[in-house]
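J.: This is the content of entry-v2.txt (compact mmCIF, C-alpha atoms):
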# COMPACT_ATOMS: atom_id res chain seq x y z
CA MET P 1 0.00 0.00 0.00
CA ASN P 2 1.49 3.36 -1.02
CA VAL P 3 1.39 6.57 0.99
CA VAL P 4 -1.70 7.93 -0.77
CA GLU P 5 -3.64 4.73 -0.14
CA GLU P 6 -2.54 4.62 3.51
CA ILE P 7 -3.66 8.19 4.09
CA ARG P 8 -6.96 7.68 2.31
CA GLN P 9 -7.68 4.57 4.35
CA ALA P 10 -6.77 6.25 7.64
CA MET P 11 -8.94 9.27 6.85
CA ALA P 12 -11.87 7.04 5.88
CA GLU P 13 -11.54 4.96 9.06
CA VAL P 14 -11.49 7.91 11.43
CA ARG P 15 -14.41 9.54 9.60
CA ALA P 16 -16.44 6.37 9.99
CA SER P 17 -15.63 6.41 13.70
CA THR P 18 -16.64 10.07 13.95
CA LEU P 19 -20.01 9.53 12.30
CA GLN P 20 -20.69 6.41 14.36
CA LEU P 21 -20.49 8.49 17.54
CA PHE P 22 -23.51 10.52 16.45
CA THR P 23 -25.88 7.68 15.64
CA GLU P 24 -27.64 7.78 19.03
CA ILE P 25 -27.55 11.56 19.54
CA ASP P 26 -30.88 13.37 19.18
CA ASP P 27 -31.10 16.89 17.79
CA HIS P 28 -31.53 18.42 21.24
CA ASP P 29 -28.27 16.98 22.58
CA PHE P 30 -26.57 17.55 19.21
CA ARG P 31 -26.69 21.32 19.64
CA ARG P 32 -26.80 22.11 23.34
CA GLN P 33 -23.79 23.01 25.46
CA ILE P 34 -23.74 20.62 28.39
CA HIS P 35 -20.64 22.16 30.01
CA LYS P 36 -19.35 25.71 29.81
CA ASP P 37 -15.80 24.58 29.00
CA PHE P 38 -16.84 22.33 26.11
CA SER P 39 -18.54 23.03 22.80
CA PRO P 40 -21.85 21.41 21.83
CA ILE P 41 -21.18 17.96 20.45
CA GLY P 42 -22.43 18.94 16.98
CA TRP P 43 -20.00 21.85 16.75
CA HIS P 44 -17.10 19.40 16.67
CA LEU P 45 -18.52 17.83 13.54
CA GLY P 46 -18.52 21.12 11.64
CA HIS P 47 -15.11 22.10 13.02
CA ILE P 48 -13.56 18.89 11.69
CA GLY P 49 -14.85 19.70 8.20
CA VAL P 50 -13.79 23.36 8.28
CA THR P 51 -10.28 22.46 9.45
CA GLU P 52 -9.89 19.94 6.64
CA SER P 53 -11.25 22.39 4.08
CA TYR P 54 -8.96 25.19 5.21
CA TRP P 55 -5.69 23.29 5.14
CA ILE P 56 -6.21 21.17 2.03
CA LEU P 57 -8.60 23.05 -0.22
CA GLN P 58 -7.67 26.62 0.64
CA GLN P 59 -4.02 26.40 1.68
CA CYS P 60 -2.77 23.52 -0.50
CA LYS P 61 -5.14 23.61 -3.46
CA LYS P 62 -5.64 27.41 -3.34
CA GLU P 63 -9.40 27.22 -3.78
CA SER P 64 -11.83 29.76 -2.36
CA SER P 65 -13.81 28.98 0.76
CA LEU P 66 -16.87 26.76 0.45
CA SER P 67 -18.67 28.82 3.11
CA SER P 68 -17.46 31.98 4.84
CA PHE P 69 -20.13 31.42 7.51
CA TYR P 70 -18.84 27.92 8.27
CA ASP P 71 -15.26 29.16 8.27
CA SER P 72 -16.08 31.70 10.98
CA PHE P 73 -18.65 29.78 13.02
CA PHE P 74 -16.58 26.60 13.32
CA THR P 75 -13.28 28.37 14.05
CA PRO P 76 -12.63 28.51 17.83
CA THR P 77 -11.07 31.99 17.80
CA ASP P 78 -14.06 33.46 15.94
CA THR P 79 -16.97 31.96 17.89
CA PRO P 80 -16.98 31.75 21.71
CA LYS P 81 -18.17 28.46 23.18
CA ALA P 82 -21.30 30.07 24.58
CA ASN P 83 -22.40 31.03 21.04
CA ARG P 84 -21.80 27.66 19.41
CA ALA P 85 -25.24 26.20 20.13
CA ASN P 86 -26.72 28.09 17.16
CA LEU P 87 -25.72 25.31 14.82
CA PRO P 88 -26.86 24.72 11.24
CA ALA P 89 -29.04 21.65 10.76
CA ARG P 90 -27.27 18.33 11.21
CA ALA P 91 -28.06 17.27 7.64
CA GLU P 92 -26.49 20.47 6.33
CA ILE P 93 -23.31 19.92 8.33
CA LEU P 94 -23.08 16.33 7.13
CA SER P 95 -23.53 17.47 3.53
CA TYR P 96 -20.73 20.00 4.00
CA LEU P 97 -18.43 17.29 5.38
CA SER P 98 -19.21 15.03 2.45
CA THR P 99 -18.48 17.78 -0.09
CA VAL P 100 -15.19 18.68 1.58
CA ARG P 101 -14.10 15.06 1.79
CA GLU P 102 -14.86 14.40 -1.88
CA LYS P 103 -12.72 17.37 -2.90
CA VAL P 104 -9.93 16.43 -0.49
CA PHE P 105 -9.75 12.87 -1.81
CA ALA P 106 -9.64 14.18 -5.37
CA PHE P 107 -6.67 16.36 -4.42
CA LEU P 108 -5.00 13.52 -2.51
CA ALA P 109 -5.18 11.24 -5.54
CA GLN P 110 -2.83 13.52 -7.48
CA ALA P 111 -0.93 15.18 -4.61
CA SER P 112 2.82 15.60 -4.81
CA PHE P 113 4.46 15.46 -1.40
CA ALA P 114 7.24 17.79 -2.43
CA PRO P 115 10.02 18.29 0.15
CA ASP P 116 10.00 22.05 -0.46
CA HIS P 117 6.27 22.40 0.37
CA ALA P 118 5.79 23.30 4.04
CA LEU P 119 2.45 21.49 4.30
CA LEU P 120 2.83 18.58 1.90
CA ASN P 121 6.40 17.54 2.72
CA GLY P 122 6.08 13.99 4.01
CA ALA P 123 2.27 14.36 3.80
CA ASN P 124 2.57 16.25 7.10
CA ILE P 125 -0.69 18.15 6.79
CA PHE P 126 -2.66 14.96 6.11
CA HIS P 127 -1.15 13.26 9.16
CA MET P 128 -2.03 16.32 11.23
CA LEU P 129 -5.64 16.26 10.01
CA ILE P 130 -5.99 12.55 10.81
CA GLN P 131 -4.78 13.18 14.35
CA HIS P 132 -6.91 16.31 14.65
CA GLU P 133 -10.07 14.33 13.89
CA GLU P 134 -8.96 11.54 16.21
CA GLN P 135 -8.52 14.05 19.03
CA HIS P 136 -12.02 15.37 18.42
CA ASN P 137 -13.31 11.78 18.49
CA GLU P 138 -12.06 11.57 22.06
CA THR P 139 -13.56 14.94 22.97
CA ILE P 140 -16.90 13.79 21.56
CA LEU P 141 -16.68 10.65 23.70
CA LEU P 142 -16.07 12.63 26.88
CA ILE P 143 -19.10 14.80 26.07
CA LEU P 144 -21.15 11.63 25.59
CA GLN P 145 -20.04 10.51 29.05
CA MET P 146 -21.17 13.86 30.47
CA LEU P 147 -24.57 13.23 28.91
CA THR P 148 -24.74 9.77 30.47
CA ALA P 149 -23.82 11.19 33.89
CA GLU P 150 -26.48 13.87 33.54
CA GLN P 151 -29.10 11.23 32.76
CA HIS P 152 -27.92 9.11 35.70
CA ASP P 153 -28.12 11.99 38.15
CA ARG P 154 -31.59 13.01 36.95
CA ALA P 155 -32.98 9.50 37.33
CA PRO P 156 -34.92 8.75 40.53
CA VAL P 157 -32.82 7.12 43.24
CA LEU P 158 -33.86 3.50 43.59
CA PRO P 159 -34.36 2.07 47.08
CA SER P 160 -31.48 -0.08 48.23
CA SER P 161 -33.56 -3.24 48.09
CA THR P 162 -33.96 -2.87 44.33
CA ARG P 163 -30.22 -2.61 43.68
CA THR P 164 -29.56 -6.30 44.25
CA SER P 165 -26.83 -6.46 41.60
CA LEU P 166 -24.79 -3.70 43.23
CA ARG P 167 -22.84 -5.27 46.05
CA PRO P 168 -21.30 -2.87 48.59
CA PHE P 169 -17.53 -2.65 48.70
CA PRO P 170 -16.46 -4.51 51.90
CA LEU P 171 -14.22 -1.83 53.33
CA ALA P 172 -13.30 -3.55 56.57
CA ARG P 173 -12.38 -6.87 54.96
CA GLU P 174 -10.39 -5.21 52.15
CA ALA P 175 -8.66 -2.53 54.23
CA GLY P 176 -5.37 -4.38 54.41
CA LYS P 177 -5.20 -4.55 50.61
CA LEU P 178 -5.67 -0.84 50.05
CA LEU P 179 -2.15 0.26 50.92
CA ARG P 180 0.21 0.60 47.97
CA LYS P 181 3.17 -1.75 47.98
CA GLU P 182 6.75 -0.74 47.22
CA HIS P 183 7.15 -3.56 44.67
CA GLU P 184 4.62 -1.81 42.44
CA MET P 185 7.36 0.67 41.52
CA VAL P 186 10.32 0.13 39.21
CA LEU P 187 13.71 1.84 39.30
CA VAL P 188 14.71 3.83 36.22
CA PRO P 189 18.47 4.46 36.39
CA ALA P 190 19.98 7.88 35.79
CA GLY P 191 21.08 8.71 32.31
CA ALA P 192 20.63 10.81 29.22
CA PHE P 193 18.10 10.13 26.49
CA PHE P 194 16.71 11.91 23.48
CA MET P 195 13.32 13.37 24.32
CA GLY P 196 10.78 14.25 21.65
CA SER P 197 10.97 13.53 17.94
CA ASN P 198 12.46 14.78 14.70
CA ASN P 199 9.78 13.04 12.64
CA THR P 200 8.32 16.08 10.89
CA ALA P 201 5.85 14.00 8.90
CA GLU P 202 3.82 12.32 11.64
CA THR P 203 4.37 14.23 14.89
CA LEU P 204 2.96 17.57 16.02
CA ASP P 205 4.98 20.73 16.53
CA ASN P 206 5.20 20.62 20.35
CA GLU P 207 6.92 17.19 20.16
CA ARG P 208 9.79 18.68 18.18
CA PRO P 209 12.70 19.01 17.94
CA GLN P 210 14.31 16.08 19.70
CA TYR P 211 16.86 17.10 22.32
CA GLU P 212 19.01 15.43 24.94
CA VAL P 213 17.70 15.31 28.51
CA LYS P 214 19.44 13.91 31.58
CA VAL P 215 17.48 12.43 34.45
CA THR P 216 18.60 11.22 37.85
CA ASP P 217 17.55 7.87 39.32
CA PHE P 218 13.85 7.64 40.06
CA LEU P 219 11.18 5.11 40.90
CA ILE P 220 7.91 5.07 38.98
CA ASP P 221 4.72 3.03 39.22
CA ARG P 222 4.70 0.13 36.83
CA ARG P 223 0.91 0.58 36.46
CA PRO P 224 -1.43 3.55 36.88
CA VAL P 225 -3.01 4.28 40.26
CA THR P 226 -6.16 2.19 40.62
CA ASN P 227 -9.64 2.88 41.92
CA ARG P 228 -8.69 0.73 44.92
CA ASP P 229 -5.71 2.98 45.64
CA PHE P 230 -7.76 6.14 45.27
CA LEU P 231 -10.56 4.79 47.44
CA HIS P 232 -8.06 4.52 50.28
CA PHE P 233 -7.27 8.22 49.81
CA ILE P 234 -10.98 9.04 50.08
CA GLU P 235 -11.61 6.81 53.10
CA ALA P 236 -8.57 8.32 54.84
CA GLY P 237 -10.09 11.81 54.49
CA GLY P 238 -7.86 12.91 51.65
CA TYR P 239 -10.44 15.36 50.31
CA HIS P 240 -10.66 17.01 53.71
CA THR P 241 -6.97 17.24 54.61
CA PRO P 242 -5.41 20.47 53.29
CA VAL P 243 -1.84 19.28 53.89
CA TRP P 244 -2.00 17.02 50.83
CA TRP P 245 -3.08 19.82 48.49
CA THR P 246 -1.33 22.77 46.90
CA PRO P 247 -2.88 26.10 47.99
CA GLU P 248 -4.47 26.51 44.55
CA GLY P 249 -5.71 22.94 44.62
CA TRP P 250 -7.28 23.31 48.04
CA GLN P 251 -9.04 26.51 47.02
CA TRP P 252 -10.39 24.70 43.95
CA ARG P 253 -11.55 21.72 46.04
CA GLU P 254 -13.29 23.97 48.57
CA ARG P 255 -14.90 26.18 45.95
CA HIS P 256 -16.33 23.26 43.98
CA GLU P 257 -16.92 20.97 46.99
CA VAL P 258 -15.15 18.08 45.28
CA GLU P 259 -15.37 14.83 47.25
CA HIS P 260 -14.43 12.07 44.78
CA PRO P 261 -13.51 11.46 41.10
CA LEU P 262 -15.95 13.06 38.70
CA TYR P 263 -18.02 10.01 37.79
CA TRP P 264 -18.03 8.17 41.10
CA ARG P 265 -21.38 7.96 42.87
CA GLN P 266 -22.21 6.69 46.37
CA PRO P 267 -25.83 5.54 46.63
CA SER P 268 -25.23 4.38 50.22
CA LYS P 269 -22.35 4.14 52.68
CA GLY P 270 -19.72 1.67 51.53
CA GLU P 271 -21.22 1.36 48.06
CA TRP P 272 -19.56 3.03 45.07
CA LEU P 273 -20.73 3.16 41.49
CA GLU P 274 -18.99 4.66 38.46
CA VAL P 275 -20.86 6.23 35.56
CA GLY P 276 -19.44 4.91 32.30
CA LEU P 277 -19.96 5.88 28.70
CA THR P 278 -23.38 4.26 28.48
CA GLN P 279 -24.35 3.18 32.00
CA SER P 280 -23.30 3.04 35.63
CA GLU P 281 -21.86 -0.04 37.28
CA ARG P 282 -20.20 -1.15 40.48
CA LEU P 283 -16.77 0.46 40.87
CA GLN P 284 -14.09 -1.77 39.37
CA LEU P 285 -11.37 -1.65 42.01
CA GLU P 286 -8.46 -2.78 39.84
CA SER P 287 -9.19 -0.37 36.97
CA PRO P 288 -7.15 2.84 36.75
CA VAL P 289 -8.77 5.79 38.49
CA MET P 290 -10.11 8.13 35.84
CA CYS P 291 -11.52 11.65 35.45
CA VAL P 292 -9.52 13.33 38.18
CA SER P 293 -7.97 16.77 37.90
CA TRP P 294 -4.26 17.51 38.23
CA TYR P 295 -5.05 18.93 41.66
CA GLU P 296 -6.56 15.61 42.76
CA ALA P 297 -3.76 13.59 41.18
CA ASP P 298 -1.12 15.71 42.90
CA ALA P 299 -2.92 15.48 46.26
CA TYR P 300 -3.12 11.70 46.00
CA ALA P 301 0.60 11.43 45.18
CA ARG P 302 1.49 13.54 48.22
CA PHE P 303 -0.80 11.44 50.40
CA ALA P 304 1.02 8.31 49.16
CA GLY P 305 4.38 9.85 50.09
CA GLN P 306 5.27 10.16 46.43
CA ARG P 307 4.87 12.69 43.62
CA LEU P 308 3.82 13.02 40.02
CA PRO P 309 6.58 12.23 37.51
CA THR P 310 7.99 14.98 35.34
CA GLU P 311 7.20 14.49 31.67
CA ALA P 312 10.89 13.77 31.04
CA GLU P 313 10.76 10.99 33.63
CA TRP P 314 7.57 9.63 32.10
CA GLU P 315 9.03 9.57 28.59
CA LYS P 316 12.31 8.04 29.77
CA ALA P 317 10.37 5.27 31.53
CA ALA P 318 8.23 4.76 28.40
CA VAL P 319 11.32 4.60 26.17
CA ASP P 320 12.92 2.09 28.57
CA GLY P 321 9.79 -0.06 28.34
CA VAL P 322 8.96 -0.21 32.04
CA LEU P 323 5.47 1.28 31.89
CA GLU P 324 2.49 -1.05 31.72
CA GLU P 325 -1.07 -0.04 30.80
CA SER P 326 0.15 3.31 29.49
CA SER P 327 -2.84 3.87 27.22
CA ARG P 328 -5.79 3.20 29.54
CA VAL P 329 -5.93 6.69 31.02
CA TRP P 330 -4.08 9.91 30.28
CA GLU P 331 -1.50 10.45 33.01
CA TRP P 332 -0.89 13.81 34.62
CA ALA P 333 2.74 14.95 34.81
CA ALA P 334 4.25 17.47 37.21
CA THR P 335 5.42 19.61 34.28
CA TRP P 336 3.86 22.76 32.86
CA PHE P 337 3.32 22.61 29.10
CA HIS P 338 6.26 24.38 27.49
CA PRO P 339 8.15 24.52 24.17
CA TYR P 340 11.20 22.36 23.63
CA PRO P 341 14.48 24.12 22.81
CA GLY P 342 14.41 25.07 19.14
CA PHE P 343 10.60 24.79 18.91
CA ALA P 344 9.04 26.06 15.68
CA ALA P 345 5.28 26.46 15.34
CA HIS P 346 3.75 24.39 12.53
CA PRO P 347 1.56 24.66 10.57
CA TYR P 348 0.36 27.69 12.55
CA ALA P 349 1.10 29.31 15.91
CA GLY P 350 -2.39 28.72 17.28
CA TYR P 351 -2.03 24.98 17.82
CA SER P 352 0.49 24.97 20.69
CA VAL P 353 1.81 28.47 21.34
CA PRO P 354 -1.22 29.93 23.20
CA TYR P 355 -0.92 27.16 25.78
CA PHE P 356 2.72 27.81 26.67
CA ASP P 357 1.32 30.05 29.40
CA GLN P 358 2.25 28.30 32.67
CA GLN P 359 -1.45 27.54 33.09
CA HIS P 360 -1.62 24.07 31.52
CA ARG P 361 -0.16 20.82 32.84
CA VAL P 362 1.11 18.04 30.59
CA LEU P 363 -0.58 14.65 30.24
CA ARG P 364 1.09 11.63 28.69
CA GLY P 365 0.23 8.21 27.31
CA GLY P 366 -3.35 8.13 26.10
CA SER P 367 -6.67 6.69 27.25
CA TRP P 368 -9.04 3.91 26.24
CA ALA P 369 -10.65 6.50 23.92
CA THR P 370 -7.39 7.57 22.23
CA ARG P 371 -6.99 6.35 18.67
CA PRO P 372 -3.79 4.61 17.49
CA HIS P 373 -2.09 7.47 15.61
CA ILE P 374 -1.84 9.43 18.87
CA ARG P 375 -0.60 6.62 21.09
CA ARG P 376 3.13 7.29 21.01
CA ALA P 377 5.70 7.95 23.71
CA THR P 378 6.38 11.51 22.52
CA PHE P 379 2.77 12.75 22.21
CA ARG P 380 1.95 15.62 24.58
CA ASN P 381 -1.54 16.46 25.76
CA TRP P 382 -2.28 19.44 28.00
CA TYR P 383 -5.10 20.84 30.10
CA HIS P 384 -5.69 23.30 32.90
CA PRO P 385 -5.05 21.57 36.26
CA SER P 386 -8.69 21.98 37.29
CA VAL P 387 -10.12 20.00 34.36
CA ARG P 388 -11.46 16.58 35.33
CA GLU P 389 -13.78 15.74 32.42
CA ILE P 390 -10.96 14.22 30.38
CA PHE P 391 -10.12 10.53 30.74
CA ALA P 392 -7.15 11.27 32.98
CA GLY P 393 -5.57 9.44 35.87
CA LEU P 394 -2.02 9.17 37.16
CA ARG P 395 0.95 7.08 38.12
CA CYS P 396 3.32 8.10 40.89
CA ALA P 397 7.07 8.58 41.05
CA LYS P 398 9.55 9.11 43.86
CA ASN P 399 13.25 9.56 44.46
CA PRO P 400 15.11 6.44 45.61
CA GLU P 401 15.90 6.20 49.30
CA LEU P 402 19.41 7.40 50.04
Translate the structure of the given file into structure tokens.
T.:
Amino acid sequence: MNVVEEIRQAMAEVRASTLQLFTEIDDHDFRRQIHKDFSPIGWHLGHIGVTESYWILQQCKKESSLSSFYDSFFTPTDTPKANRANLPARAEILSYLSTVREKVFAFLAQASFAPDHALLNGANIFHMLIQHEEQHNETILLILQMLTAEQHDRAPVLPSSTRTSLRPFPLAREAGKLLRKEHEMVLVPAGAFFMGSNNTAETLDNERPQYEVKVTDFLIDRRPVTNRDFLHFIEAGGYHTPVWWTPEGWQWRERHEVEHPLYWRQPSKGEWLEVGLTQSERLQLESPVMCVSWYEADAYARFAGQRLPTEAEWEKAAVDGVLEESSRVWEWAATWFHPYPGFAAHPYAGYSVPYFDQQHRVLRGGSWATRPHIRRATFRNWYHPSVREIFAGLRCAKNPEL
């Protein structure tokens, strides 16, 4: 299979996945904004099409815009989130996507990936668009989970006698198993490694250029922190003990009255449920804890006598092959999102540069909802430390005992 065929297949596969996500969404949920920090689910569909049209049809093919209204409405810098509910009809958006895709595939069929073309060299812009749509797939999924949680919380609370399939977690009997064991961590020896990538075709600008980084010895969890681990933090009063929290984190916890991970529910004492993508079920104790903010992740690590790894430590451990289950949940790092030495924005400054603001923490790895093109050791995700809607958890690190 040649490069053109590979790109065409990848674009077709991710588009099929995108459209599949909307099959059960009614028109009401399609256009409403369920959370102030996230766009209506239908807006993402139009944005995917406009982004593809802009970079391929307008920038590479030099065609005029298919719709100036779409260009403005589905561009984040032009339309605030609060105004994005005024969507065109779903059928109209789907027709627009189909028209764009037909034109893009026609261009792809005869494209020349010339090394002197900033966008087409190595098919870079096509790889970026594939990953862009994959990232929006994951955002759509987290909005779908918000919708499920909303439906769960609006449903009448069933009396305990009717919840026969939901067995309480036996805290007393399990208490001895809640403490984390030292053997769950692995030593990564000190040394230099090359962090990031020089692959200009398939990586994104904030992963480049590759540069040498030296790390000292450190220990890191072989697996992500589990629901069992985090339940111990809750039962020990972790959400009510300021010493484990940064000042900003404690203010956030107090202001929002946060008591547990975002999708945990406690119908009765000792009983925990977790709202999933389509339904709620008994908390799975050995699954990685998910949908916690950086503040919560950092507080847990302090409580455990450990810390969050830096992103250099995380990548070194990933490169050394010591991390298991590194794509089940995004993993918060201690590091602020920043440019690597020699960073150059591509294909435009707006992708990464606005977030080099000391306000966004790095996440690494990927989640169950992350598609394959993004699951690489050098990929960098970032969010504000208060965000907990993303499928994020953590693994801990610590310095070896002297």
J.: For segment 34-51 of chain P, find every residue with an atom within 7 Å (counting all atoms listed in the file), except residues of its own chain fewer than 5 positions away, and show them as a list of chain:residue names.
T.: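 Selected residues are P:Tyr70, P:Asp71, P:Phe74, P:Thr75, P:Lys81, P:Arg84, P:Ala85, P:Leu87, P:Ile93, P:Leu97, P:Val100, P:Glu133, P:His136, P:Ile140, P:Ile143.
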J.: Give me, please, the distance in Å between atom CA of Leu277 of chain P and atom CA of Leu144 of chain P, quoted to one decimal.
T.: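 One can read the atom CA of Leu277 of chain P to atom CA of Leu144 of chain P distance as 6.6 Å.
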J.: Taking all atoms listed in the file into account, name the residue in P:Ser197, P:Ser64, P:Asn83, P:Asn124 that is nearest to Glu212 of chain P.
T.: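 Looking at the shortest contact to Glu212 of chain P, the residue is P:Ser197.
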J.: Let me make sure I understand: among P:Asn227, P:Asn121, P:Gln210, P:Gln279, which one has the smallest atom-to-atom distance to Pro261 of chain P if we use all atoms listed in the file?
T.: P:Asn227
J.: By how many Å are atom CA of Gln358 of chain P and atom CA of Thr77 of chain P apart?
T.: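 Computing the Euclidean distance for atom CA of Gln358 of chain P and atom CA of Thr77 of chain P yields 20.3 Å.
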J.: Compare P:His360, P:Arg8, P:Arg15, P:Lys62 by their minimum atom-to-atom distance to His384 of chain P, counting all atoms listed in the file, and give me the closest one.
T.: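 Answer, going by the shortest atom-to-atom distance: P:His360.
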J.: Would you kindly return, as a ChimeraX atom specification, each protein, DNA or RNA residue with an atom no farther than 9 Å from any atom of Ile125 of chain P, considering all atoms listed in the file and excluding same-chain residues fewer than 3 positions away?
T.: /P:55-56,118-122,128-130,201-202,347
J.: Skip Trp244 of chain P itself and residues of its chain fewer than 3 positions away, then list as a count of residues only all residues within 12 Å of it, counting only C-alpha atoms.
T.: 25
J.: Which one is closest to Gln145 of chain P: P:Pro88, P:Gly276, P:Pro209, P:Pro267? Count all atoms listed in the file.
T.: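 Counting all atoms listed in the file, the residue closest to Gln145 of chain P is P:Gly276.
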J.: Could you check which of P:Val329, P:Ala190, P:Val14, P:Ala155 is closest to Ser287 of chain P, using all atoms listed in the file?
T.: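 Result for the nearest residue to Ser287 of chain P: P:Val329.
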J.: What separation in Å, quoted to one decimal, exists between atom CA of Val362 of chain P and atom CA of Ala149 of chain P?
T.: 26.1 Å
J.: Can you work out which one of P:Asp116, P:Glu138, P:Asp29, P:Glu13 has the shortest atom-to-atom distance to Phe391 of chain P, counting all atoms listed in the file?
T.: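 That would be P:Glu138, the residue with the smallest distance to Phe391 of chain P.
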J.: What's the 12 Å shell around Ala12 of chain P, counting only C-alpha atoms, without same-chain residues fewer than 3 positions away, as a list of chain:residue names?
T.: P:Glu5, P:Glu6, P:Ile7, P:Arg8, P:Gln9, P:Arg15, P:Ala16, P:Ser17, P:Thr18, P:Leu19, P:Ser98, P:Arg101, P:Glu102, P:Val104, P:Phe105, P:Leu129, P:Ile130, P:Glu133, P:Glu134
J.: Can you list, as JSON, numbers by chain, every protein, DNA or RNA residue that comes within 7 Å of segment 385-389 of chain P when you count all atoms listed in the file, leaving out same-chain residues fewer than 6 positions away?
T.: {"P": [142, 262, 291, 292, 293, 294, 295, 360, 361]}
J.: May I have the centre and edge lengths, in Å to one decimal, of an axis-aligned box around the listed atoms of segment 44-47 of chain P with 5 Å added to every side, as lines of an AutoDock Vina configuration file?
T.:
center_x = -16.8
center_y = 20.0
center_z = 14.2
size_x = 13.4
size_y = 14.3
size_z = 15.0
J.: Please complete segment 371-384 of chain P with N, CA and C atoms and give it back as a CSV table (one decimal), in the frame of the given file.
T.:
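The file below, result_4.csv, is the result:
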chain,number,residue,atom,x,y,z
P,371,ARG,N,-7.2,7.2,19.9
P,371,ARG,CA,-7.0,6.4,18.7
P,371,ARG,C,-5.5,6.1,18.4
P,372,PRO,N,-5.2,5.1,17.6
P,372,PRO,CA,-3.8,4.6,17.5
P,372,PRO,C,-2.8,5.6,17.0
P,373,HIS,N,-3.1,6.5,16.1
P,373,HIS,CA,-2.1,7.5,15.6
P,373,HIS,C,-1.5,8.4,16.7
P,374,ILE,N,-2.2,8.5,17.8
P,374,ILE,CA,-1.8,9.4,18.9
P,374,ILE,C,-1.1,8.7,20.0
P,375,ARG,N,-1.2,7.4,20.0
P,375,ARG,CA,-0.6,6.6,21.1
P,375,ARG,C,0.9,6.4,20.8
P,376,ARG,N,1.7,7.4,21.2
P,376,ARG,CA,3.1,7.3,21.0
P,376,ARG,C,3.8,7.9,22.2
P,377,ALA,N,5.0,7.5,22.5
P,377,ALA,CA,5.7,8.0,23.7
P,377,ALA,C,6.0,9.4,23.7
P,378,THR,N,6.0,10.1,22.5
P,378,THR,CA,6.4,11.5,22.5
P,378,THR,C,5.2,12.4,22.5
P,379,PHE,N,4.0,11.9,22.3
P,379,PHE,CA,2.8,12.8,22.2
P,379,PHE,C,2.5,13.5,23.5
P,380,ARG,N,2.2,14.8,23.4
P,380,ARG,CA,2.0,15.6,24.6
P,380,ARG,C,0.5,16.2,24.5
P,381,ASN,N,-0.2,15.9,25.6
P,381,ASN,CA,-1.5,16.5,25.8
P,381,ASN,C,-1.4,17.5,26.9
P,382,TRP,N,-2.4,18.4,27.0
P,382,TRP,CA,-2.3,19.4,28.0
P,382,TRP,C,-3.7,20.0,28.3
P,383,TYR,N,-3.9,20.3,29.6
P,383,TYR,CA,-5.1,20.8,30.1
P,383,TYR,C,-4.8,21.7,31.3
P,384,HIS,N,-5.8,22.5,31.7
P,384,HIS,CA,-5.7,23.3,32.9
P,384,HIS,C,-5.8,22.3,34.1
